[in-house]
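Coordinates from entry34.cif are shown below (mmCIF, C-alpha atoms and all ligand atoms).
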```cif
data_target
loop_
_atom_site.label_atom_id
_atom_site.label_comp_id
_atom_site.auth_asym_id
_atom_site.auth_seq_id
_atom_site.Cartn_x
_atom_site.Cartn_y
_atom_site.Cartn_z
CA MET N 700 36.80 -46.87 1.47
CA VAL N 701 35.32 -43.52 2.43
CA GLU N 702 31.80 -43.87 3.73
CA GLU N 703 29.25 -41.53 2.28
CA LYS N 704 28.14 -39.06 4.93
CA ARG N 705 24.43 -39.56 5.62
CA ASP N 706 22.09 -37.01 7.13
CA THR N 707 20.74 -38.76 10.21
CA THR N 708 18.25 -36.01 11.14
CA PRO N 709 14.97 -37.84 11.89
CA LEU N 710 12.06 -37.49 9.48
CA VAL N 711 9.01 -35.66 10.80
CA VAL N 712 5.64 -34.54 9.43
CA GLY N 713 4.63 -30.89 9.69
CA VAL N 714 0.95 -29.98 9.33
CA ASP N 715 -0.32 -26.43 8.84
CA LEU N 716 -4.07 -26.31 9.44
CA GLY N 717 -5.39 -22.89 8.42
CA GLY N 718 -8.78 -21.29 7.97
CA THR N 719 -8.58 -21.70 4.19
CA GLN N 720 -5.91 -24.32 3.51
CA ILE N 721 -4.49 -27.56 4.91
CA ARG N 722 -0.84 -28.22 4.13
CA ALA N 723 1.38 -31.13 5.12
CA SER N 724 5.03 -32.00 4.45
CA VAL N 725 7.57 -34.61 5.36
CA LEU N 726 10.63 -32.76 6.59
CA ARG N 727 14.23 -33.47 7.40
CA GLY N 728 15.20 -30.47 9.48
CA ALA N 729 14.05 -27.43 7.49
CA GLU N 730 14.11 -29.34 4.21
CA LEU N 731 10.71 -30.14 2.71
CA LEU N 732 10.84 -33.63 1.18
CA SER N 733 7.23 -33.51 0.02
CA ARG N 734 4.26 -31.22 0.17
CA ALA N 735 0.53 -31.88 -0.05
CA ASN N 736 -2.24 -29.25 -0.01
CA THR N 737 -5.98 -29.19 0.10
CA LEU N 738 -8.54 -26.49 0.72
CA THR N 739 -10.22 -26.43 4.11
CA GLY N 740 -13.43 -25.89 2.11
CA GLU N 741 -16.87 -24.44 2.70
CA ASN N 742 -18.39 -24.94 6.14
CA PRO N 743 -15.18 -26.43 7.59
CA THR N 744 -16.59 -28.46 10.48
CA PRO N 745 -14.30 -31.09 12.05
CA GLU N 746 -16.45 -33.88 10.52
CA ARG N 747 -15.79 -32.52 7.04
CA VAL N 748 -12.18 -31.44 7.50
CA LEU N 749 -10.66 -34.31 9.50
CA PRO N 750 -10.84 -36.93 6.71
CA ARG N 751 -9.18 -34.41 4.36
CA LEU N 752 -6.60 -33.58 6.98
CA PHE N 753 -5.61 -37.25 7.40
CA ALA N 754 -5.62 -37.77 3.62
CA THR N 755 -3.26 -34.78 3.20
CA VAL N 756 -0.85 -36.16 5.82
CA GLU N 757 -0.87 -39.58 4.16
CA GLN N 758 -0.37 -38.05 0.73
CA ALA N 759 2.69 -36.17 2.02
CA ILE N 760 4.13 -39.41 3.45
CA GLU N 761 3.47 -41.30 0.23
CA GLN N 762 4.97 -38.53 -1.93
CA ALA N 763 8.14 -38.63 0.15
CA GLY N 764 8.45 -42.33 -0.71
CA ILE N 765 8.67 -43.46 2.90
CA SER N 766 6.54 -45.60 5.19
CA PRO N 767 4.67 -44.13 8.21
CA GLU N 768 6.99 -46.12 10.54
CA GLU N 769 9.92 -43.95 9.45
CA ILE N 770 8.27 -40.81 10.89
CA SER N 771 9.42 -39.83 14.36
CA GLY N 772 6.52 -37.50 15.10
CA ILE N 773 3.82 -35.20 13.74
CA GLY N 774 3.67 -31.49 14.60
CA ILE N 775 0.47 -29.57 13.93
CA ALA N 776 0.16 -25.78 13.67
CA CYS N 777 -3.39 -24.50 13.99
CA PRO N 778 -5.30 -21.35 14.88
CA GLY N 779 -5.62 -20.64 18.59
CA PRO N 780 -6.79 -20.51 21.22
CA LEU N 781 -5.93 -24.09 22.08
CA ASN N 782 -4.57 -26.14 24.95
CA ASN N 783 -1.12 -27.21 23.77
CA ARG N 784 -0.75 -29.70 26.63
CA THR N 785 -3.86 -31.73 25.80
CA GLY N 786 -3.88 -30.80 22.11
CA GLU N 787 -7.48 -29.65 22.39
CA ILE N 788 -8.63 -26.82 20.12
CA LEU N 789 -10.74 -24.38 22.17
CA SER N 790 -12.77 -21.82 20.20
CA PRO N 791 -10.82 -20.60 17.17
CA PRO N 792 -12.44 -17.67 15.30
CA ASN N 793 -10.83 -18.97 12.08
CA LEU N 794 -12.23 -22.51 12.45
CA PRO N 795 -15.86 -22.15 13.48
CA GLY N 796 -17.41 -25.35 14.85
CA TRP N 797 -14.10 -26.69 16.21
CA ASP N 798 -14.80 -25.79 19.85
CA HIS N 799 -13.21 -28.40 22.13
CA THR N 800 -12.03 -30.67 19.30
CA PRO N 801 -9.43 -33.09 20.79
CA LEU N 802 -7.14 -32.83 17.76
CA ARG N 803 -4.15 -34.54 19.35
CA THR N 804 -6.24 -37.51 20.55
CA LEU N 805 -7.82 -37.90 17.11
CA PHE N 806 -4.37 -37.98 15.49
CA GLN N 807 -3.05 -40.30 18.18
CA GLU N 808 -5.81 -42.83 17.44
CA ARG N 809 -4.63 -42.99 13.83
CA TYR N 810 -0.84 -42.62 13.99
CA GLN N 811 1.45 -44.45 16.44
CA VAL N 812 3.97 -41.61 16.79
CA PRO N 813 4.26 -38.62 19.14
CA ILE N 814 1.78 -35.87 18.18
CA TYR N 815 2.21 -32.20 19.12
CA VAL N 816 -0.31 -29.38 18.64
CA GLU N 817 0.58 -25.69 19.00
CA ASN N 818 -0.92 -22.37 17.88
CA ASP N 819 0.35 -21.06 14.56
CA ALA N 820 2.16 -18.00 15.93
CA ASN N 821 4.14 -20.04 18.47
CA VAL N 822 4.94 -22.59 15.77
CA ALA N 823 6.26 -19.84 13.50
CA ALA N 824 8.36 -18.44 16.36
CA LEU N 825 9.85 -21.88 17.00
CA GLY N 826 10.52 -22.40 13.28
CA GLU N 827 12.42 -19.12 13.01
CA TYR N 828 14.25 -19.92 16.26
CA MET N 829 15.44 -23.35 15.16
CA PHE N 830 15.91 -22.87 11.43
CA GLY N 831 15.48 -19.20 10.48
CA ALA N 832 16.45 -15.68 11.50
CA GLY N 833 16.41 -16.50 15.22
CA GLN N 834 19.01 -19.28 15.27
CA GLY N 835 21.18 -19.00 18.36
CA CYS N 836 18.93 -16.38 20.06
CA ASN N 837 17.48 -17.94 23.20
CA GLU N 838 15.60 -14.72 23.95
CA MET N 839 13.59 -13.74 20.91
CA VAL N 840 10.15 -12.53 19.92
CA TYR N 841 8.45 -13.32 16.64
CA LEU N 842 5.74 -11.02 15.31
CA THR N 843 3.71 -11.86 12.22
CA ILE N 844 2.01 -8.95 10.51
CA SER N 845 -0.55 -9.98 7.91
CA THR N 846 -4.37 -9.83 7.90
CA GLY N 847 -4.02 -10.11 11.68
CA ILE N 848 -1.05 -9.78 14.03
CA GLY N 849 0.21 -12.73 16.05
CA GLY N 850 3.19 -13.27 18.28
CA GLY N 851 5.32 -15.98 19.79
CA VAL N 852 7.95 -15.55 22.48
CA ILE N 853 11.02 -17.73 22.95
CA ALA N 854 12.36 -17.29 26.50
CA GLY N 855 15.33 -19.29 27.72
CA GLY N 856 15.18 -21.31 24.50
CA GLN N 857 11.59 -22.44 25.17
CA ILE N 858 8.19 -21.25 23.95
CA LEU N 859 6.86 -18.90 26.63
CA GLU N 860 3.51 -20.46 27.50
CA GLY N 861 2.12 -18.72 30.55
CA VAL N 862 -0.09 -20.57 33.00
CA ALA N 863 -2.43 -22.00 30.34
CA GLY N 864 -0.40 -21.82 27.13
CA MET N 865 -1.84 -18.47 26.09
CA ALA N 866 1.08 -16.09 26.59
CA GLY N 867 2.27 -13.91 23.74
CA GLU N 868 -1.02 -12.52 22.39
CA LEU N 869 1.01 -9.64 21.02
CA GLY N 870 -1.59 -8.61 18.44
CA HIS N 871 -3.88 -7.59 21.26
CA ILE N 872 -1.62 -5.43 23.37
CA THR N 873 -3.22 -2.00 23.72
CA ILE N 874 -1.56 0.77 21.72
CA ASP N 875 -4.28 3.44 21.82
CA TRP N 876 -6.66 3.03 24.72
CA ARG N 877 -8.99 5.62 23.25
CA GLY N 878 -8.72 4.20 19.75
CA PRO N 879 -10.98 2.11 17.52
CA ILE N 880 -12.61 -1.16 18.58
CA CYS N 881 -10.74 -4.37 17.71
CA ASN N 882 -12.19 -7.72 16.56
CA CYS N 883 -11.43 -9.12 20.01
CA GLY N 884 -13.78 -6.60 21.65
CA ASN N 885 -10.97 -4.54 23.15
CA ILE N 886 -9.97 -1.03 22.09
CA GLY N 887 -6.94 0.19 20.17
CA CYS N 888 -5.11 -3.15 19.90
CA LEU N 889 -1.92 -3.41 17.83
CA GLU N 890 -3.79 -5.68 15.40
CA ARG N 891 -6.55 -3.12 14.89
CA LEU N 892 -4.03 -0.37 14.13
CA ALA N 893 -1.22 -2.07 12.20
CA SER N 894 -2.54 -5.25 10.54
CA GLY N 895 -3.69 -5.53 6.92
CA THR N 896 -7.29 -5.54 8.12
CA GLY N 897 -6.68 -2.46 10.26
CA ILE N 898 -5.03 -0.58 7.38
CA ALA N 899 -7.95 -1.41 5.07
CA LEU N 900 -10.44 -0.23 7.73
CA GLU N 901 -8.59 3.09 8.08
CA ALA N 902 -8.81 3.57 4.32
CA GLN N 903 -12.52 2.72 4.24
CA GLU N 904 -13.10 5.24 7.00
CA ALA N 905 -11.18 7.93 5.12
CA ILE N 906 -13.24 7.15 2.01
CA ALA N 907 -16.50 7.35 3.99
CA GLN N 908 -15.44 10.76 5.33
CA GLY N 909 -14.65 12.00 1.83
CA LYS N 910 -10.94 12.37 2.67
CA ALA N 911 -9.58 9.81 0.23
CA GLU N 912 -10.35 11.15 -3.25
CA GLU N 913 -6.76 10.60 -4.42
CA LEU N 914 -6.82 7.00 -3.19
CA LEU N 915 -10.09 6.38 -5.04
CA GLU N 916 -8.55 7.96 -8.15
CA TYR N 917 -5.50 5.66 -7.81
CA ALA N 918 -7.85 2.67 -7.48
CA ARG N 919 -9.77 3.75 -10.59
CA GLN N 920 -6.56 4.07 -12.58
CA THR N 921 -5.41 0.61 -11.51
CA ASN N 922 -8.85 -1.00 -12.02
CA VAL N 923 -9.43 -1.80 -8.36
CA PRO N 924 -13.09 -1.48 -7.23
CA PRO N 925 -13.40 0.78 -4.14
CA THR N 926 -14.62 -2.14 -1.99
CA GLN N 927 -11.42 -4.07 -2.81
CA ILE N 928 -8.99 -1.42 -1.61
CA ASP N 929 -6.97 -3.59 0.76
CA ALA N 930 -3.63 -3.14 2.50
CA ARG N 931 -1.70 -4.24 -0.59
CA VAL N 932 -3.41 -1.63 -2.78
CA ILE N 933 -2.93 1.06 -0.12
CA GLY N 934 0.76 0.14 0.16
CA GLU N 935 1.19 0.43 -3.60
CA ALA N 936 -0.68 3.75 -3.61
CA ALA N 937 1.61 4.99 -0.83
CA LYS N 938 4.68 4.01 -2.84
CA ALA N 939 3.18 5.83 -5.84
CA GLY N 940 3.03 8.95 -3.66
CA VAL N 941 -0.71 9.17 -2.88
CA PRO N 942 -0.66 11.35 0.30
CA VAL N 943 -3.65 9.81 2.12
CA ALA N 944 -2.23 6.30 1.52
CA ARG N 945 1.18 7.42 2.81
CA ASP N 946 -0.47 8.83 5.93
CA ILE N 947 -2.39 5.61 6.60
CA ILE N 948 0.70 3.40 6.18
CA GLU N 949 2.85 5.76 8.24
CA LYS N 950 0.31 5.72 11.07
CA ALA N 951 0.19 1.89 10.96
CA GLY N 952 4.00 1.81 11.01
CA GLU N 953 4.06 4.08 14.06
CA ALA N 954 1.53 1.85 15.86
CA LEU N 955 3.78 -1.11 15.03
CA GLY N 956 6.71 0.87 16.46
CA PHE N 957 4.91 1.39 19.77
CA GLY N 958 4.15 -2.33 19.83
CA LEU N 959 7.87 -3.05 19.37
CA VAL N 960 8.78 -0.59 22.16
CA ASN N 961 6.43 -2.45 24.53
CA ILE N 962 7.84 -5.81 23.44
CA ILE N 963 11.42 -4.64 24.08
CA HIS N 964 10.51 -3.24 27.49
CA ILE N 965 8.64 -6.37 28.57
CA PHE N 966 10.88 -9.14 27.22
CA ASN N 967 14.35 -7.59 26.84
CA PRO N 968 14.88 -9.72 23.72
CA GLU N 969 18.08 -10.19 21.80
CA LYS N 970 16.13 -10.23 18.57
CA ILE N 971 12.66 -9.39 17.31
CA ILE N 972 11.76 -11.14 14.07
CA LEU N 973 9.12 -9.63 11.82
CA GLY N 974 7.24 -11.97 9.49
CA GLY N 975 3.97 -11.98 7.58
CA GLY N 976 2.92 -10.54 4.23
CA LEU N 977 2.82 -6.89 5.30
CA THR N 978 6.58 -6.78 5.91
CA GLN N 979 6.91 -6.94 2.12
CA MET N 980 5.79 -3.31 2.07
CA GLY N 981 9.32 -2.63 3.29
CA ASP N 982 10.55 0.80 4.36
CA ILE N 983 7.29 2.61 3.87
CA LEU N 984 5.81 0.64 6.80
CA LEU N 985 8.95 -0.30 8.71
CA GLN N 986 10.87 3.00 8.78
CA PRO N 987 8.16 4.79 10.82
CA ALA N 988 8.20 1.79 13.19
CA TYR N 989 11.99 1.87 13.57
CA ARG N 990 11.87 5.64 14.11
CA ILE N 991 9.48 5.19 17.05
CA VAL N 992 11.66 2.38 18.46
CA GLU N 993 14.72 4.68 18.30
CA LYS N 994 12.91 7.53 20.05
CA ARG N 995 10.83 5.73 22.65
CA THR N 996 12.79 2.72 23.91
CA MET N 997 14.90 2.85 27.07
CA ARG N 998 18.54 2.94 26.04
CA GLU N 999 19.87 -0.23 27.68
CA PRO N 1000 17.24 -2.71 26.47
CA HIS N 1001 17.30 -0.92 23.10
CA ASN N 1002 21.02 -1.59 22.78
CA CYS N 1003 20.49 -5.32 23.39
CA ALA N 1004 17.78 -5.74 20.78
CA SER N 1005 18.02 -6.09 17.04
CA ILE N 1006 15.08 -6.30 14.65
CA ALA N 1007 15.31 -8.64 11.67
CA LEU N 1008 13.01 -9.92 8.96
CA ALA N 1009 11.83 -13.55 9.05
CA ARG N 1010 13.65 -15.99 6.77
CA LEU N 1011 11.32 -18.95 6.32
CA GLY N 1012 8.67 -17.17 4.23
CA ALA N 1013 5.46 -19.00 3.36
CA ASN N 1014 6.85 -22.34 4.60
CA VAL N 1015 7.21 -21.12 8.18
CA GLY N 1016 4.08 -23.01 9.31
CA LEU N 1017 5.30 -26.35 7.93
CA ILE N 1018 8.90 -25.94 9.05
CA GLY N 1019 7.77 -24.71 12.46
CA ALA N 1020 5.35 -27.64 12.86
CA GLY N 1021 8.23 -30.01 12.13
CA ALA N 1022 10.43 -28.04 14.55
CA LEU N 1023 7.82 -28.69 17.24
CA VAL N 1024 8.60 -32.42 17.00
CA TYR N 1025 12.38 -31.89 17.17
CA HIS N 1026 11.99 -29.46 20.06
CA LEU N 1027 9.61 -31.56 22.17
CA ASN N 1028 10.87 -35.07 21.33
CA ARG N 1029 14.17 -34.30 23.05
ZN ZN B 1 -7.70 -6.95 19.97
#
```

Exercise: express the given structure as structure tokens:
Amino acid sequence: MVEEKRDTTPLVVGVDLGGTQIRASVLRGAELLSRANTLTGENPTPERVLPRLFATVEQAIEQAGISPEEISGIGIACPGPLNNRTGEILSPPNLPGWDHTPLRTLFQERYQVPIYVENDANVAALGEYMFGAGQGCNEMVYLTISTGIGGGVIAGGQILEGVAGMAGELGHITIDWRGPICNCGNIGCLERLASGTGIALEAQEAIAQGKAEELLEYARQTNVPPTQIDARVIGEAAKAGVPVARDIIEKAGEALGFGLVNIIHIFNPEKIILGGGLTQMGDILLQPAYRIVEKRTMREPHNCASIALARLGANVGLIGAGALVYHLNR
């Protein structure tokens, strides 16, 4: 008799704790066996959110039709900064009131399995490394470009942590030291120049200076109020040929390109993986970036590096959180 081949990959729980949403899944490798969601809600203090967080985890386990004893670990992705060794959340801008919350300890008191906590950008990097576009690349950098810009570095097949787990703040490398002020208090950061928020700010500034009449006209025609002109609208306007929108996106793409040049020079990666919603703009944002990379990178490290789009899409947080368990349980 031929035995049926069974997948013996252990079951894990991935948790993605965001500023607006909590998501949890039971996973086998990169396969989501269940998914549970809830909103983080108004005034998301730990006292309010933790019961919902646990309920979401337990709902995911129940939906998968398994018992908690079958889980070999829980990985949690959450906004940084945090101490990934103690699992303590430090002072996340996206989760006000969570300063010094011992998230790992709180989970450990409830679940008798290994618990791992890591910042969302590192989790996404690990997810793409183990199950996505970075498979087989022990030297890779992941960059997520959405409302903000975050990064995670895989060096020698491990998450590059630095002395206190805070390496890889790639959104806050300086691109224009005489440029505009960033959310972090610094000047001319990559995030300020090339994120969705940065692009929207550039447009608002152009509007305030009276230089964006065509963009306002495009918004009127597409029923978008001027205050809601965000990166998505500007990207669409650019594709429709609105010159000021094209200029704004091109400038953001060039800033991204200089960020990539710095990343290649510092890390000598085999692959840089670009994720996050803004990559969906495609060539209009990415071609200016690639053009700068071609022109400004030293030849040898340039020849080693390829740039690819992320593969895990919106599930990268869950798959990466699960990957954390596989990676660290070894
Ligand atoms: Zn910054």

> Of the candidates N:Val852, N:Ala893, N:Leu1017, N:Leu973, which shows the shortest atom-to-atom distance to ligand ZN 1 (chain B), using only C-alpha atoms and all ligand atoms?
Replying inline: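 The answer is N:Ala893, which sits nearest to ligand ZN 1 (chain B).
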
>> Let me make sure I understand: among N:Val711, N:Ala776, N:Ala820, N:Ile963, which one has the smallest atom-to-atom distance to Glu999 in chain N if we use only C-alpha atoms?
In response: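 Nearest to Glu999 in chain N: N:Ile963.
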
>> Which residues are near ligand ZN 1 (chain B) - at most 9 Å, using all atoms listed in the file? Format: as an MDAnalysis selection string.
In response: chainID N and resid 870:873 880:891

> Distance CA of Met980 in chain N-CA of Leu731 in chain N, one decimal place?
Replying inline: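 Pair CA of Met980 in chain N / CA of Leu731 in chain N returns 27.3 Å.
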
>> Residues near range 799-802 of chain N, anyone? I mean within 10 Å using only C-alpha atoms, not counting same-chain ones fewer than 5 positions away, as a list in words.
In response: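 After dropping sequence-adjacent residues, the list is Pro745, Leu749, Ile775, Cys777, Leu781, Asn782, Thr785, Gly786, Glu787, Ile788, Leu789, Ser790, Pro791, Gln807, Ile814, Tyr815 and Val816 of chain N.
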
> What is the CA of Asn837 in chain N to CA of Val960 in chain N distance in Å?
Replying inline: 19.4 Å

> How far is it from CA of Pro1000 in chain N to CA of Ile844 in chain N, in Å with one decimal?
Replying inline: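 Distance between the two atoms: 22.9 Å.
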
>> Residues within 12 Å of range 752-759 of chain N, please, as an MDAnalysis selection string. Count only C-alpha atoms; anything in the same chain fewer than 6 positions from it doesn't count.
In response: chainID N and resid 711:717 720:726 731:740 743:746 765:767 770 772:775 777 802 805:810 1017

> Which one of N:Asn1028, N:Thr707, N:Ser894, N:Gln927 sits closest to Gly849 in chain N if you count only C-alpha atoms?
Replying inline: N:Ser894

>> So that I can check the surroundings of Phe966 in chain N, please list as a PyMOL selection string every protein, DNA and RNA residue that reaches within 10 Å of it, counting only C-alpha atoms and ignoring chain neighbours fewer than 6 positions away.
In response: chain N and resi 838-840+852-854+1000

> Taking all atoms listed in the file into account, which of N:Ile991, N:Leu794, N:Ile972, N:Ala1009 comes nearest Arg747 in chain N?
Replying inline: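 The answer is N:Leu794, which sits nearest to Arg747 in chain N.
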
> Smallest atom-to-atom distance to Ile848 in chain N: which of N:Gly779, N:Gly833, N:Gly975, N:Pro942, using all atoms listed in the file?
Replying inline: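 Using all atoms listed in the file, Ile848 in chain N sits closest to N:Gly975.
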
> Taking into account all atoms listed in the file, which residue in the set N:Gly976, N:Gly831, N:Gly958, N:Gly981 is nearest to Val1015 in chain N?
Replying inline: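 Closest candidate: N:Gly831.
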
> How would you write as a list in words the residues that get within 7 Å of (12.4, -23.3, 19.1) in the file's frame, counting only C-alpha atoms?
Replying inline: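 Neighbouring residues, ordered by chain and number, come to Ala824, Leu825, Gly826, Tyr828, Met829, Ile853, Gly856, Gln857, Ile858, Ala1022 and His1026 of chain N.
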